[in-house]
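A.B. asks: Handing you this structure, nothing more for now.
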Amino acid sequence: MDIQFLLMLQHLREGLGGVFDEFFAFMTNTAVDHWIYVPMLILFWVADKRKASLVFFSHGFSIFTNGLLKATFCVYRPWIRSPELKPLDSAMAGATGYSFPSGHATCSSSFWGGMAMAWRKYKSFVAFCVLVVFLIAFSRLYVGVHTPQDVLVGLLTGATMIFLSDKLLKAVDKKPELDAVIMIVATVLAIACYFYVTRKSYPIDLVDGKPLVDPSKMTVNSFRDFGTAYGLILGWFLERRFVKFSVNGTAAEKVMRCLWGGLAFVFAQLVIVIPVAKASKSGLVYFLLFAACMVFFMTVYPIIFTKIEAKGRAKAAAK
């Protein structure tokens with residue numbers, strides 16, 4: 001049934017002459033990597049740390065769960081299951097790892113859904129967020145890289161984690177010391193899941209004596225997601241306990257925070273984190289690099305811009 005639905009969409013796509021291909025390829029690419037984290041961090045640096053933390057938590061918990069589910073169920077991509085399916089070439093680069101559940105649907109629902117929950121008093125903004133989530137989720141079907149089941153479970157994962165994150169942060173608001181408990185639990189879970197993914201058995205289907213799918217390549221995204229999720233929680237904890245920077249500042253200061261921070265994050269991801277992780281081919285390196293990147297931009301970078309802004313104000317006052 002799921003493959004038949006994708007074939008129907010494929011026939012529709014071909015019948016329309018690819019008129020919507022570029023649009024849905026664009027939508028599907030907006031759900032991944034730095035395009036998600038840059039606005040998330042900007043909100044943390046200049047807008048509202050508490051609301052941004054809700055987005056951090058919902059997204060972190062969601063991608064952590066997604067990585068765990070992918071490694072557990074080991075569902076092959078649709079085109080592996082049916083040679084008749086021909087996904088868009090432009091979508092193949094982002095279609096890595098196992099298929100179930102959809103990481104893009106999980107990412108988009110947890111990020112945009114978390115944003116909608118945090119700023120829910122703005123009804124027009126909430127409607128916009130819902131529309132974006134729908135378009136990204138549908139795009140994964142339209143471009144042929146996920147089944148309806150993959151997408152639906154991804155959306156449900158995001159929605160569930162938004163609800164749990166909201167409850168958890170409200171509990172921390174009432175009892176601040178709970179942040180240490182969250183950090184301990186997150187550490188134990190990260191270690192447990194790392195060993196689970198590295199030690200469990202994976203399906204090996206052979207074609208002409210060669211594996212149809214290499215499990216080591218399929219689980220890379222799980223280590224990336226575990227590291228990113230852990231980095232978000234650790235960064236939140238360290239900033240909350242030790243950094244405690246203020247989002248306040250002049251308009252010029254906030255613009256510079258966003259500009260330099262955003263550029264530095266994209267540079268770190270594209271030039272350092274991703275290339276080094278890929279070259280290492282090590283799950284542990286993936287975990288550590290992606291975790292360290294998030295921690296740096298949530299703790300060290302705010303310390304840097306706080307000191308730079310303080311010096312700038314001191315110089316201005318001395319003139």
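Chain lettering (A, B, ...) mirrors the order of the structure tokens, residue numbering begins at 1 for each chain separately, and ligand numbering begins at 1 in order of display.
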Residues near Gly158 of chain A, anyone? I mean within 9 Å using only C-alpha atoms, not counting same-chain ones fewer than 2 positions away, as a list in words.
C.D. replies: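 What passes the distance filter is Ser58, His59, Phe61, Ser62, Ile63, Ala105, Thr106, Cys107, Ser108, Ser109, Ser110, Phe111, Gly113, Gly114, Val153, Gly154, Leu155, Leu156, Thr160, Met161, Ile162 and Phe163 of chain A.
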A.B. asks: Would you mind exporting N, CA, C and O atoms of the selected residues as an mmCIF file, in the first residue's frame?
C.D. replies:
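Result saved to out.cif:
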data_model
loop_
_atom_site.group_PDB
_atom_site.id
_atom_site.type_symbol
_atom_site.label_atom_id
_atom_site.label_comp_id
_atom_site.auth_asym_id
_atom_site.auth_seq_id
_atom_site.Cartn_x
_atom_site.Cartn_y
_atom_site.Cartn_z
ATOM 1 N N SER A 58 12.571 20.000 22.473
ATOM 2 C CA SER A 58 11.682 19.230 21.591
ATOM 3 C C SER A 58 12.454 18.675 20.404
ATOM 4 O O SER A 58 12.266 17.515 20.009
ATOM 5 N N HIS A 59 13.344 19.488 19.846
ATOM 6 C CA HIS A 59 14.126 19.026 18.698
ATOM 7 C C HIS A 59 15.137 17.962 19.121
ATOM 8 O O HIS A 59 15.279 16.926 18.453
ATOM 9 N N PHE A 61 15.138 15.908 21.778
ATOM 10 C CA PHE A 61 14.476 14.644 22.124
ATOM 11 C C PHE A 61 13.958 13.930 20.881
ATOM 12 O O PHE A 61 13.986 12.701 20.786
ATOM 13 N N SER A 62 13.477 14.717 19.909
ATOM 14 C CA SER A 62 12.900 14.131 18.702
ATOM 15 C C SER A 62 13.949 13.439 17.844
ATOM 16 O O SER A 62 13.753 12.307 17.399
ATOM 17 N N ILE A 63 15.072 14.119 17.591
ATOM 18 C CA ILE A 63 16.082 13.503 16.732
ATOM 19 C C ILE A 63 16.761 12.345 17.452
ATOM 20 O O ILE A 63 17.198 11.378 16.817
ATOM 21 N N ALA A 105 10.749 14.757 8.568
ATOM 22 C CA ALA A 105 9.447 15.026 9.183
ATOM 23 C C ALA A 105 9.612 15.250 10.679
ATOM 24 O O ALA A 105 8.961 16.124 11.273
ATOM 25 N N THR A 106 10.494 14.471 11.304
ATOM 26 C CA THR A 106 10.755 14.628 12.734
ATOM 27 C C THR A 106 11.378 15.988 13.023
ATOM 28 O O THR A 106 10.958 16.698 13.941
ATOM 29 N N CYS A 107 12.395 16.349 12.233
ATOM 30 C CA CYS A 107 13.089 17.632 12.432
ATOM 31 C C CYS A 107 12.149 18.816 12.244
ATOM 32 O O CYS A 107 12.130 19.750 13.052
ATOM 33 N N SER A 108 11.386 18.786 11.157
ATOM 34 C CA SER A 108 10.514 19.924 10.852
ATOM 35 C C SER A 108 9.400 20.069 11.882
ATOM 36 O O SER A 108 9.089 21.188 12.320
ATOM 37 N N SER A 109 8.805 18.940 12.299
ATOM 38 C CA SER A 109 7.710 19.035 13.268
ATOM 39 C C SER A 109 8.214 19.466 14.632
ATOM 40 O O SER A 109 7.549 20.239 15.336
ATOM 41 N N SER A 110 9.398 19.001 15.027
ATOM 42 C CA SER A 110 9.924 19.377 16.344
ATOM 43 C C SER A 110 10.408 20.821 16.363
ATOM 44 O O SER A 110 10.225 21.531 17.358
ATOM 45 N N PHE A 111 11.025 21.274 15.247
ATOM 46 C CA PHE A 111 11.502 22.655 15.202
ATOM 47 C C PHE A 111 10.356 23.645 15.025
ATOM 48 O O PHE A 111 10.122 24.512 15.875
ATOM 49 N N GLY A 113 7.151 23.049 15.060
ATOM 50 C CA GLY A 113 6.131 22.829 16.084
ATOM 51 C C GLY A 113 6.545 23.401 17.417
ATOM 52 O O GLY A 113 5.728 23.978 18.146
ATOM 53 N N GLY A 114 7.831 23.250 17.757
ATOM 54 C CA GLY A 114 8.340 23.849 18.994
ATOM 55 C C GLY A 114 8.259 25.363 18.949
ATOM 56 O O GLY A 114 7.932 26.012 19.953
ATOM 57 N N VAL A 153 4.948 8.745 11.427
ATOM 58 C CA VAL A 153 5.615 8.479 12.709
ATOM 59 C C VAL A 153 6.594 9.602 13.045
ATOM 60 O O VAL A 153 6.742 9.986 14.208
ATOM 61 N N GLY A 154 7.246 10.163 12.027
ATOM 62 C CA GLY A 154 8.123 11.304 12.268
ATOM 63 C C GLY A 154 7.361 12.491 12.834
ATOM 64 O O GLY A 154 7.814 13.144 13.783
ATOM 65 N N LEU A 155 6.200 12.771 12.257
ATOM 66 C CA LEU A 155 5.367 13.875 12.742
ATOM 67 C C LEU A 155 4.880 13.612 14.168
ATOM 68 O O LEU A 155 4.889 14.522 15.015
ATOM 69 N N LEU A 156 4.460 12.394 14.437
ATOM 70 C CA LEU A 156 3.984 12.044 15.778
ATOM 71 C C LEU A 156 5.108 12.118 16.808
ATOM 72 O O LEU A 156 4.882 12.531 17.950
ATOM 73 N N THR A 160 4.882 14.579 20.012
ATOM 74 C CA THR A 160 4.983 14.006 21.352
ATOM 75 C C THR A 160 6.103 14.656 22.147
ATOM 76 O O THR A 160 5.939 14.986 23.333
ATOM 77 N N MET A 161 7.234 14.885 21.518
ATOM 78 C CA MET A 161 8.374 15.466 22.217
ATOM 79 C C MET A 161 8.165 16.947 22.541
ATOM 80 O O MET A 161 8.698 17.450 23.525
ATOM 81 N N ILE A 162 7.397 17.638 21.728
ATOM 82 C CA ILE A 162 7.054 19.026 22.071
ATOM 83 C C ILE A 162 6.237 19.047 23.360
ATOM 84 O O ILE A 162 6.511 19.840 24.271
ATOM 85 N N PHE A 163 5.240 18.167 23.440
ATOM 86 C CA PHE A 163 4.396 18.085 24.632
ATOM 87 C C PHE A 163 5.225 17.733 25.872
ATOM 88 O O PHE A 163 5.111 18.397 26.918
#
A.B. asks: Skipping near chain neighbours, those fewer than 3 positions away, what residues fall within 7 Å of Leu234 of chain A using only C-alpha atoms, listed as a ChimeraX atom specification?
C.D. replies: /A:183,230-231,237-238,295
A.B. asks: Counting only C-alpha atoms, which residue out of A:Asn29, A:Asn248, A:Thr187, A:Thr198 sits closest to Ala229 of chain A?
C.D. replies: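 Closest candidate: A:Thr187.
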A.B. asks: Write out as a PyMOL selection string which residues come within 9 Å of Pro215 of chain A when counting only C-alpha atoms, dropping same-chain ones fewer than 6 positions away.
C.D. replies: chain A and resi 71+74+97-98+202-204
A.B. asks: I need the chosen residues saved as an mmCIF file, in the first residue's frame, with all heavy atoms.
C.D. replies:
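The resulting file, result14.cif, is shown below:
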data_model
loop_
_atom_site.group_PDB
_atom_site.id
_atom_site.type_symbol
_atom_site.label_atom_id
_atom_site.label_comp_id
_atom_site.auth_asym_id
_atom_site.auth_seq_id
_atom_site.Cartn_x
_atom_site.Cartn_y
_atom_site.Cartn_z
ATOM 1 N N ALA A 71 17.687 2.879 13.950
ATOM 2 C CA ALA A 71 18.631 1.795 14.197
ATOM 3 C C ALA A 71 17.938 0.538 14.705
ATOM 4 O O ALA A 71 18.459 -0.568 14.552
ATOM 5 C CB ALA A 71 19.688 2.252 15.199
ATOM 6 N N CYS A 74 15.423 -0.672 11.280
ATOM 7 C CA CYS A 74 16.251 -0.953 10.095
ATOM 8 C C CYS A 74 15.421 -1.141 8.821
ATOM 9 O O CYS A 74 15.584 -2.130 8.079
ATOM 10 C CB CYS A 74 17.105 -2.200 10.329
ATOM 11 S SG CYS A 74 18.152 -2.127 11.786
ATOM 12 N N GLY A 97 20.786 6.886 5.495
ATOM 13 C CA GLY A 97 20.342 6.107 6.639
ATOM 14 C C GLY A 97 19.093 5.298 6.334
ATOM 15 O O GLY A 97 18.588 5.281 5.214
ATOM 16 N N TYR A 98 18.610 4.611 7.359
ATOM 17 C CA TYR A 98 17.382 3.839 7.214
ATOM 18 C C TYR A 98 16.193 4.768 7.028
ATOM 19 O O TYR A 98 16.273 5.973 7.294
ATOM 20 C CB TYR A 98 17.175 2.951 8.441
ATOM 21 C CG TYR A 98 18.148 1.797 8.533
ATOM 22 C CD1 TYR A 98 19.092 1.730 9.549
ATOM 23 C CD2 TYR A 98 18.125 0.766 7.602
ATOM 24 C CE1 TYR A 98 19.989 0.674 9.640
ATOM 25 C CE2 TYR A 98 19.017 -0.296 7.676
ATOM 26 C CZ TYR A 98 19.951 -0.344 8.699
ATOM 27 O OH TYR A 98 20.831 -1.389 8.776
ATOM 28 N N TYR A 202 22.252 -6.232 12.779
ATOM 29 C CA TYR A 202 21.544 -5.557 11.701
ATOM 30 C C TYR A 202 21.270 -6.546 10.560
ATOM 31 O O TYR A 202 22.034 -7.500 10.357
ATOM 32 C CB TYR A 202 22.363 -4.374 11.171
ATOM 33 C CG TYR A 202 22.500 -3.257 12.173
ATOM 34 C CD1 TYR A 202 23.567 -3.232 13.065
ATOM 35 C CD2 TYR A 202 21.553 -2.246 12.242
ATOM 36 C CE1 TYR A 202 23.689 -2.219 14.001
ATOM 37 C CE2 TYR A 202 21.667 -1.223 13.171
ATOM 38 C CZ TYR A 202 22.735 -1.212 14.053
ATOM 39 O OH TYR A 202 22.840 -0.215 14.977
ATOM 40 N N PRO A 203 20.194 -6.322 9.823
ATOM 41 C CA PRO A 203 19.889 -7.216 8.699
ATOM 42 C C PRO A 203 20.938 -7.091 7.599
ATOM 43 O O PRO A 203 21.359 -5.993 7.256
ATOM 44 C CB PRO A 203 18.520 -6.730 8.217
ATOM 45 C CG PRO A 203 18.453 -5.297 8.658
ATOM 46 C CD PRO A 203 19.190 -5.244 9.963
ATOM 47 N N ILE A 204 21.368 -8.231 7.084
ATOM 48 C CA ILE A 204 22.333 -8.253 5.986
ATOM 49 C C ILE A 204 21.714 -9.040 4.834
ATOM 50 O O ILE A 204 21.651 -10.270 4.868
ATOM 51 C CB ILE A 204 23.669 -8.903 6.394
ATOM 52 C CG1 ILE A 204 24.285 -8.169 7.591
ATOM 53 C CG2 ILE A 204 24.619 -8.911 5.209
ATOM 54 C CD1 ILE A 204 24.749 -6.764 7.291
#
A.B. asks: Name the residues in contact with Tyr142 of chain A at a cut-off of 9 Å, using only C-alpha atoms, excluding same-chain residues fewer than 5 positions from it; report them as a short mmCIF file (atom, residue, chain, number, x, y, z; two decimals) with N, CA, C and O atoms, in the first residue's frame.
C.D. replies:
data_model
loop_
_atom_site.label_atom_id
_atom_site.label_comp_id
_atom_site.auth_asym_id
_atom_site.auth_seq_id
_atom_site.Cartn_x
_atom_site.Cartn_y
_atom_site.Cartn_z
N LEU A 6 3.36 5.85 -3.24
CA LEU A 6 4.50 6.58 -3.78
C LEU A 6 4.57 6.48 -5.30
O LEU A 6 4.94 7.44 -5.98
N LEU A 9 2.16 8.98 -6.67
CA LEU A 9 2.74 10.33 -6.65
C LEU A 9 3.79 10.49 -7.74
O LEU A 9 3.91 11.56 -8.35
N GLN A 10 4.54 9.43 -7.96
CA GLN A 10 5.57 9.48 -9.01
C GLN A 10 4.94 9.67 -10.38
O GLN A 10 5.41 10.49 -11.18
N ARG A 13 3.80 13.23 -10.56
CA ARG A 13 4.95 14.10 -10.75
C ARG A 13 5.39 14.09 -12.21
O ARG A 13 5.68 15.15 -12.80
N ASP A 21 8.73 20.10 -9.00
CA ASP A 21 9.91 19.40 -8.49
C ASP A 21 10.85 20.33 -7.71
O ASP A 21 11.30 19.99 -6.61
N PHE A 24 9.33 21.44 -4.20
CA PHE A 24 9.34 20.43 -3.14
C PHE A 24 10.77 19.98 -2.80
O PHE A 24 11.04 19.59 -1.66
N ALA A 25 11.68 20.07 -3.75
CA ALA A 25 13.09 19.79 -3.45
C ALA A 25 13.62 20.86 -2.51
O ALA A 25 14.39 20.57 -1.57
N PRO A 87 13.23 8.17 -7.14
CA PRO A 87 13.19 9.45 -6.42
C PRO A 87 13.88 10.56 -7.22
O PRO A 87 14.69 10.29 -8.12
N LEU A 88 13.56 11.80 -6.87
CA LEU A 88 14.25 12.92 -7.51
C LEU A 88 15.73 12.87 -7.17
O LEU A 88 16.10 12.66 -6.01
#
A.B. asks: With only C-alpha atoms as the atoms that count, which of A:Trp112, A:Trp79, A:Tyr196, A:Tyr286 lies nearest to Asp2 of chain A?
C.D. replies: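 Closest residue, counting only C-alpha atoms: A:Trp79.
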A.B. asks: Which residues, written as a tab-separated table (two decimals) with N, CA, C and O atoms, in the first residue's frame, have at least one atom at most 7 Å from segment 299-302 of chain A, with only C-alpha atoms counted and residues fewer than 3 positions away on the same chain left out?
C.D. replies:
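part-v8.tsv written:
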chain	number	residue	atom	x	y	z
A	235	GLY	N	24.58	21.85	26.52
A	235	GLY	CA	24.75	23.28	26.35
A	235	GLY	C	23.73	24.06	27.16
A	235	GLY	O	24.06	25.08	27.78
A	238	LEU	N	24.87	23.78	30.94
A	238	LEU	CA	26.06	24.57	31.26
A	238	LEU	C	25.77	26.07	31.21
A	238	LEU	O	26.25	26.82	32.08
A	239	GLU	N	25.01	26.50	30.21
A	239	GLU	CA	24.68	27.93	30.14
A	239	GLU	C	23.83	28.33	31.34
A	239	GLU	O	24.06	29.38	31.94
A	243	VAL	N	27.08	30.07	32.72
A	243	VAL	CA	27.28	31.21	31.83
A	243	VAL	C	26.29	32.32	32.14
A	243	VAL	O	26.66	33.45	32.43
A	245	PHE	N	24.27	34.24	30.35
A	245	PHE	CA	24.38	35.49	29.60
A	245	PHE	C	23.01	36.14	29.44
A	245	PHE	O	21.97	35.49	29.60
A	295	VAL	N	27.49	22.59	22.03
A	295	VAL	CA	27.90	23.13	23.33
A	295	VAL	C	28.67	24.44	23.15
A	295	VAL	O	28.46	25.41	23.88
A	296	PHE	N	29.57	24.47	22.17
A	296	PHE	CA	30.37	25.68	21.93
A	296	PHE	C	29.49	26.89	21.65
A	296	PHE	O	29.67	27.96	22.24
A	305	PHE	N	30.87	36.91	22.96
A	305	PHE	CA	30.20	38.16	22.54
A	305	PHE	C	29.84	39.03	23.74
A	305	PHE	O	29.77	40.26	23.61
A	306	THR	N	29.61	38.45	24.89
A	306	THR	CA	29.35	39.25	26.09
A	306	THR	C	30.56	40.10	26.45
A	306	THR	O	30.43	41.29	26.77
A.B. asks: Which residues in segment 42-257 of chain A does DSSP call strand (DSSP E)? List them as JSON, numbers by chain.
C.D. replies: {"A": [206, 207, 210, 211]}
A.B. asks: Please provide the set of residues having any atom within 12 Å of Ile80 of chain A, restricted to only C-alpha atoms, with same-chain residues fewer than 4 positions apart removed, written as a count of residues only.
C.D. replies: 16
A.B. asks: Of the residues A:Ala264, A:Leu169, A:Val247, A:Ile182, which is the one nearest to Phe44 of chain A, using only C-alpha atoms?
C.D. replies: A:Val247
A.B. asks: Using only C-alpha atoms for the distances, tell me which of A:Tyr122, A:Met117, A:Phe138, A:Leu270 is nearest to Lys167 of chain A.
C.D. replies: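 Closest candidate: A:Met117.
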A.B. asks: List the neighbours of Thr219 of chain A out to 12 Å using only C-alpha atoms; skip same-chain residues closer than 2 positions along the sequence, and give me the result as a ChimeraX atom specification.
C.D. replies: /A:66-75,96-99,193-194,196-202,213-217,221-226,281-284,286-287
